[in-house]
$ cat run.csv   # CSV, C-alpha atoms
chain,number,residue,atom,x,y,z
A,1,ASP,CA,0.0,0.0,0.0
A,2,LEU,CA,3.0,2.3,0.3
A,3,ARG,CA,5.3,4.0,-2.2
A,4,HIS,CA,8.4,6.1,-1.5
A,5,HIS,CA,8.7,9.8,-2.2
A,6,HIS,CA,12.0,11.5,-1.3
A,7,GLY,CA,12.9,8.6,0.9
A,8,LEU,CA,9.6,8.8,2.9
A,9,PRO,CA,6.8,6.3,2.7
A,10,VAL,CA,3.7,7.8,1.2
A,11,ARG,CA,0.3,6.1,1.1
A,12,ARG,CA,-1.0,5.7,-2.5
A,13,ILE,CA,-3.7,8.2,-3.5
A,14,ASP,CA,-5.6,5.6,-5.4
A,15,GLN,CA,-5.9,3.3,-2.4
A,16,PRO,CA,-9.5,1.8,-2.2
A,17,LEU,CA,-11.9,3.5,0.2
A,18,GLN,CA,-12.4,1.8,3.5
A,19,GLU,CA,-15.8,0.4,4.4
A,20,ILE,CA,-18.0,3.6,4.5
A,21,GLY,CA,-20.9,2.1,6.4
A,22,CYS,CA,-19.1,1.7,9.7
A,23,HIS,CA,-18.9,5.5,10.6
A,24,PRO,CA,-21.2,6.3,13.5
A,25,TYR,CA,-22.6,9.3,11.6
A,26,VAL,CA,-23.3,7.2,8.6
A,27,VAL,CA,-25.0,4.6,10.8
A,28,VAL,CA,-27.2,7.4,12.3
A,29,GLN,CA,-28.1,8.6,8.8
A,30,GLU,CA,-29.0,5.1,7.8
A,31,GLN,CA,-31.3,4.8,10.8
A,32,HIS,CA,-32.9,8.1,9.7
A,33,VAL,CA,-33.4,6.5,6.3
A,34,LEU,CA,-35.2,3.6,7.9
A,35,ALA,CA,-37.3,6.0,10.0
A,36,ALA,CA,-38.2,8.1,7.0
A,37,ALA,CA,-39.2,5.1,5.0
A,38,ILE,CA,-41.4,3.8,7.9
A,39,GLN,CA,-43.0,7.3,8.3
A,40,ALA,CA,-43.7,7.6,4.6
A,41,SER,CA,-45.2,4.1,4.4
A,42,VAL,CA,-47.4,4.8,7.5
A,43,ALA,CA,-48.6,8.1,6.0
A,44,LEU,CA,-49.3,6.5,2.7
A,45,ALA,CA,-51.1,3.7,4.3
A,46,VAL,CA,-53.4,6.1,6.2
A,47,VAL,CA,-54.1,8.1,3.0
A,48,LEU,CA,-54.8,4.9,1.0
A,49,LEU,CA,-57.0,3.6,3.8
A,50,VAL,CA,-59.0,6.8,3.8
A,51,VAL,CA,-59.3,6.8,0.1
A,52,GLY,CA,-60.2,3.1,0.0
A,53,GLY,CA,-62.9,3.7,2.7
A,54,VAL,CA,-64.4,6.5,0.7
A,55,VAL,CA,-64.3,4.4,-2.5
A,56,PHE,CA,-65.9,1.5,-0.8
A,57,ALA,CA,-68.6,3.6,0.8
A,58,VAL,CA,-69.5,5.2,-2.5
A,59,TYR,CA,-69.6,1.8,-4.1
A,60,VAL,CA,-71.9,0.3,-1.5
A,61,ARG,CA,-74.2,3.4,-1.6
A,62,THR,CA,-74.4,3.1,-5.4
A,63,GLN,CA,-75.2,-0.6,-5.1
A,64,ASN,CA,-78.0,0.0,-2.6
A,65,ARG,CA,-79.5,2.7,-4.8
A,66,GLN,CA,-79.4,0.3,-7.8
A,67,ILE,CA,-81.0,-2.5,-5.7
A,68,SER,CA,-83.8,-0.1,-4.6
A,69,GLU,CA,-84.5,1.1,-8.1
A,70,GLU,CA,-84.6,-2.4,-9.5
A,71,LEU,CA,-86.9,-3.6,-6.8
A,72,GLN,CA,-89.2,-0.6,-7.2
A,73,THR,CA,-89.3,-1.2,-11.0
A,74,LEU,CA,-90.1,-4.9,-10.6
A,75,ALA,CA,-92.7,-4.4,-7.9
A,76,SER,CA,-94.5,-1.7,-9.8
A,77,THR,CA,-94.6,-3.4,-13.2
A,78,ALA,CA,-94.9,-7.1,-12.5
A,79,ASP,CA,-98.1,-8.6,-13.9
A,80,ASP,CA,-97.5,-12.1,-12.6
A,81,ALA,CA,-94.9,-14.1,-10.7
A,82,ASN,CA,-93.5,-15.9,-13.8
A,83,ASP,CA,-90.1,-15.2,-15.2
A,84,PRO,CA,-88.7,-12.5,-13.0
A,85,PRO,CA,-85.3,-11.0,-13.9
A,86,PRO,CA,-82.1,-13.0,-13.0
A,87,ASP,CA,-81.3,-13.2,-9.3
A,88,MET,CA,-84.8,-11.7,-8.5
A,89,GLU,CA,-87.9,-13.4,-7.1
A,90,LEU,CA,-91.6,-12.5,-6.8
A,91,ALA,CA,-94.5,-13.3,-4.5
A,92,LEU,CA,-98.0,-11.9,-5.3
A,93,ARG,CA,-101.3,-11.9,-3.6
A,94,ASP,CA,-104.3,-10.7,-5.7
A,95,THR,CA,-107.5,-9.1,-4.4
A,96,ASP,CA,-109.1,-12.5,-4.0
A,97,GLY,CA,-106.3,-13.6,-1.7
A,98,GLU,CA,-104.8,-16.0,-4.2
A,99,ILE,CA,-101.0,-16.3,-3.8
A,100,SER,CA,-98.5,-17.0,-6.6
A,101,THR,CA,-94.7,-17.1,-6.5
A,102,SER,CA,-91.8,-17.5,-8.8
A,103,ASP,CA,-89.6,-20.6,-8.6
A,104,GLY,CA,-87.6,-19.2,-5.7
A,105,GLY,CA,-90.1,-16.8,-4.3
A,106,GLU,CA,-91.5,-18.8,-1.4
A,107,PRO,CA,-89.4,-16.8,1.2
A,108,GLY,CA,-91.5,-13.8,0.3
A,109,ILE,CA,-94.8,-15.4,1.2
A,110,PRO,CA,-94.7,-14.3,5.0
A,111,LEU,CA,-94.0,-10.7,3.8
A,112,LEU,CA,-97.5,-10.7,2.1
A,113,GLN,CA,-98.9,-10.4,5.7
A,114,GLY,CA,-96.4,-7.8,6.9
A,115,PRO,CA,-95.9,-4.0,6.5
A,116,THR,CA,-94.9,-2.4,3.2
A,117,GLY,CA,-91.4,-1.1,2.5
A,118,PHE,CA,-87.9,-2.5,2.2
A,119,THR,CA,-86.6,-5.3,4.4
A,120,ASP,CA,-83.9,-8.0,4.4
A,121,ILE,CA,-84.7,-11.7,4.8
A,122,HIS,CA,-82.6,-14.9,5.0
A,123,ALA,CA,-83.8,-18.1,3.7
A,124,ASP,CA,-82.2,-21.4,2.5
A,125,GLY,CA,-78.7,-19.9,3.0
A,126,ARG,CA,-79.5,-16.9,0.8
A,127,HIS,CA,-79.7,-13.2,1.7
A,128,PHE,CA,-82.5,-11.2,0.0
A,129,ARG,CA,-83.4,-7.6,-0.1
A,130,ALA,CA,-87.2,-7.3,-0.4
A,131,LEU,CA,-89.7,-4.6,-1.2
A,132,VAL,CA,-93.3,-5.0,-0.2
A,133,MET,CA,-95.7,-2.9,-2.2
A,134,ASP,CA,-99.5,-2.6,-2.3
A,135,ARG,CA,-101.0,-2.1,-5.8
A,136,ILE,CA,-104.6,-2.0,-7.1
A,137,GLU,CA,-104.2,-5.6,-8.3
A,138,GLY,CA,-103.0,-6.7,-4.8
A,139,ARG,CA,-99.8,-7.0,-2.8
A,140,VAL,CA,-96.4,-7.6,-4.5
A,141,VAL,CA,-93.2,-8.8,-2.8
A,142,ALA,CA,-90.2,-8.2,-5.1
A,143,MET,CA,-86.9,-9.8,-3.9
A,144,THR,CA,-83.3,-9.7,-5.1
A,145,ASP,CA,-80.5,-12.1,-4.1
A,146,LEU,CA,-77.7,-10.0,-2.6
A,147,ALA,CA,-75.0,-12.7,-3.2
A,148,PRO,CA,-73.7,-11.0,-6.5
A,149,TYR,CA,-73.5,-7.6,-4.8
A,150,HIS,CA,-71.6,-9.1,-1.8
A,151,ALA,CA,-69.2,-10.8,-4.3
A,152,GLY,CA,-68.6,-7.5,-6.0
A,153,ARG,CA,-67.9,-5.8,-2.6
A,154,ASN,CA,-65.4,-8.5,-1.7
A,155,ARG,CA,-63.6,-8.1,-5.1
A,156,LEU,CA,-63.4,-4.4,-4.5
A,157,LEU,CA,-62.0,-4.9,-1.0
A,158,ILE,CA,-59.3,-7.3,-2.3
A,159,ALA,CA,-58.4,-4.8,-5.1
A,160,LEU,CA,-58.1,-2.0,-2.6
A,161,ALA,CA,-56.0,-4.1,-0.2
A,162,ALA,CA,-53.7,-5.1,-3.0
A,163,ALA,CA,-53.4,-1.5,-4.2
A,164,GLU,CA,-52.6,-0.3,-0.6
A,165,LEU,CA,-49.9,-3.0,-0.1
A,166,ALA,CA,-48.3,-2.2,-3.5
A,167,GLY,CA,-48.4,1.6,-2.7
A,168,ILE,CA,-46.7,1.0,0.7
A,169,LEU,CA,-44.0,-1.2,-0.7
A,170,ALA,CA,-43.4,1.3,-3.5
A,171,SER,CA,-43.1,4.2,-1.1
A,172,ILE,CA,-40.6,2.3,1.1
A,173,ALA,CA,-38.5,1.5,-1.9
A,174,VAL,CA,-38.5,5.0,-3.3
A,175,VAL,CA,-37.8,6.7,0.0
A,176,THR,CA,-35.0,4.3,0.8
A,177,LEU,CA,-33.4,4.6,-2.6
A,178,PHE,CA,-33.4,8.4,-2.8
A,179,THR,CA,-32.3,8.8,0.9
A,180,LYS,CA,-29.5,6.4,0.5
A,181,ARG,CA,-28.3,8.2,-2.6
A,182,SER,CA,-28.3,11.4,-0.6
A,183,VAL,CA,-26.3,9.8,2.2
A,184,ARG,CA,-23.7,8.1,0.0
A,185,PRO,CA,-21.7,11.3,-0.9
A,186,LEU,CA,-21.6,12.2,2.8
A,187,ALA,CA,-20.3,8.8,3.6
A,188,GLN,CA,-17.7,9.0,0.9
A,189,ALA,CA,-16.6,12.4,2.1
A,190,LEU,CA,-16.2,11.0,5.6
A,191,ALA,CA,-14.1,8.1,4.3
A,192,LEU,CA,-11.9,10.4,2.4
A,193,GLN,CA,-11.5,12.6,5.5
A,194,ARG,CA,-10.4,9.6,7.6
A,195,ARG,CA,-7.9,8.5,4.9
A,196,PHE,CA,-6.5,12.0,4.7
A,197,VAL,CA,-6.1,12.2,8.5
A,198,ALA,CA,-4.4,8.8,8.5
A,199,ASP,CA,-2.0,9.7,5.7
A,200,ALA,CA,-1.2,13.1,7.3
A,201,SER,CA,-0.6,11.5,10.7
A,202,HIS,CA,1.7,8.9,9.1
A,203,GLU,CA,3.7,11.4,7.1
A,204,LEU,CA,4.1,13.7,10.2
A,205,ARG,CA,5.1,10.8,12.4
A,206,THR,CA,7.9,9.6,10.2
A,207,PRO,CA,9.9,13.0,10.1
A,208,LEU,CA,9.5,13.3,13.9
A,209,THR,CA,10.9,9.8,14.4
A,210,VAL,CA,13.9,10.7,12.2
A,211,MET,CA,14.5,14.0,14.1
A,212,LYS,CA,14.3,12.3,17.4
A,213,GLY,CA,16.8,9.7,16.2
A,214,GLU,CA,19.2,12.4,15.0
A,215,SER,CA,19.0,14.3,18.2

$ encode --input "run.csv" --output "structure tokens"
Amino acid sequence: DLRHHHGLPVRRIDQPLQEIGCHPYVVVQEQHVLAAAIQASVALAVVLLVVGGVVFAVYVRTQNRQISEELQTLASTADDANDPPPDMELALRDTDGEISTSDGGEPGIPLLQGPTGFTDIHADGRHFRALVMDRIEGRVVAMTDLAPYHAGRNRLLIALAAAELAGILASIAVVTLFTKRSVRPLAQALALQRRFVADASHELRTPLTVMKGES
């Protein structure tokens, strides 16, 4: 590692840098990098959680409005209980008290004796939203199976969770990358400073040793 200049050993200028990650200040800076990455990921997680909550709430509200509109349309226009739209059922009672239902409309029969309006019922492992409406022709119970709507909500939740996880991981990677790049020049400067001090100490120590020997 040494070469001689005027009889004195001099450390080569192109000597490789020492390990730069061991300096205490660099270690502290790297800890700050980790803390910044954690803070950024937490902040982004909160933002994504709020945005995801708003998106999910709007989606559920839109679904409920759609369900209500479809039930009202079916209940007000149904002439008989045959062939309701997909995932929907009917139960009717005419003015003579005769009851008719669609193939899966039996759960709506008890509602023919209850109050009008919207209600939820569970039957045969299925969850229905029902609308009971009185018409001149009699009472109508329109029902829709909520399983497709619940499946859509679950898909949205999975997509939001995946987006939040991807956003958090991306934020950690970006913050860590840019912060480490900003710390690297400082670490290199500290390593050069240590090498300079070591070289200067060595070169000063050698003449002093010679002078003491001559005295």

$ atom_distance --input "run.csv" --atom1 "atom CA of A:Leu71" --atom2 "atom CA of A:Leu156"
23.6 Å

$ residues_around --input "run.csv" --residues "A:Ile109" --least-positions-apart "5" --cutoff "9 Å" --atoms "all atoms listed in the file" --output "PyMOL selection string"
chain A and resi 91-93+99-101+141

$ residues_around --input "run.csv" --residues "A:Arg135" --least-positions-apart "4" --cutoff "8 Å" --atoms "only C-alpha atoms" --output "MDAnalysis selection string"
chainID A and resid 76 139:140

$ residues_around --input "run.csv" --residues "A:Ile168" --least-positions-apart "6" --cutoff "7 Å" --atoms "all atoms listed in the file" --output "list in words"
Ser41, Leu44 and Ala45 of chain A

$ closest_residue --input "run.csv" --among "A:Arg195, A:Glu98, A:Gln63, A:Phe118" --to "A:Ala151" --atoms "all atoms listed in the file"
A:Gln63

$ atom_distance --input "run.csv" --atom1 "atom CA of A:Val47" --atom2 "atom CA of A:Gln66"
28.6 Å

$ atom_distance --input "run.csv" --atom1 "atom CA of A:Asp94" --atom2 "atom CA of A:Ile67"
24.7 Å

$ closest_residue --input "run.csv" --among "A:Asp124, A:Glu164, A:Asp96, A:Asp103" --to "A:Ala81" --atoms "all atoms listed in the file"
A:Asp103

$ closest_residue --input "run.csv" --among "A:Ala147, A:Leu177, A:Leu111, A:Ala170" --to "A:Met88" --atoms "all atoms listed in the file"
A:Ala147

$ closest_residue --input "run.csv" --among "A:Leu49, A:Leu157, A:Leu165, A:Leu112" --to "A:Val132" --atoms "only C-alpha atoms"
A:Leu112

$ closest_atom_pairs --input "run.csv" --of "stretch 108-164 of chain A" --to "stretch 55-61 of chain A" --cutoff "10 Å" --atoms "only C-alpha atoms" --output "tab-separated table"
residue	atom	partner	partner_atom	distance
A:Tyr149	CA	A:Val60	CA	8.7
A:His150	CA	A:Val60	CA	9.4
A:Gly152	CA	A:Tyr59	CA	9.5
A:Arg153	CA	A:Val60	CA	7.4
A:Leu156	CA	A:Phe56	CA	7.4
A:Leu157	CA	A:Phe56	CA	7.5
A:Leu160	CA	A:Phe56	CA	8.7

$ residues_near_point --input "run.csv" --point "(-98.3, -5.1, -12.5)" --cutoff "9 Å" --atoms "all atoms listed in the file" --output "PDB file with C-alpha atoms, in the coordinates of the input"
ATOM      1  CA  LEU A  74     -90.100  -4.900 -10.600  1.00  0.00           C
ATOM      2  CA  ALA A  75     -92.700  -4.400  -7.900  1.00  0.00           C
ATOM      3  CA  SER A  76     -94.500  -1.700  -9.800  1.00  0.00           C
ATOM      4  CA  THR A  77     -94.600  -3.400 -13.200  1.00  0.00           C
ATOM      5  CA  ALA A  78     -94.900  -7.100 -12.500  1.00  0.00           C
ATOM      6  CA  ASP A  79     -98.100  -8.600 -13.900  1.00  0.00           C
ATOM      7  CA  ASP A  80     -97.500 -12.100 -12.600  1.00  0.00           C
ATOM      8  CA  ARG A 135    -101.000  -2.100  -5.800  1.00  0.00           C
ATOM      9  CA  ILE A 136    -104.600  -2.000  -7.100  1.00  0.00           C
ATOM     10  CA  GLU A 137    -104.200  -5.600  -8.300  1.00  0.00           C
ATOM     11  CA  VAL A 140     -96.400  -7.600  -4.500  1.00  0.00           C
TER      12      VAL A 140
END
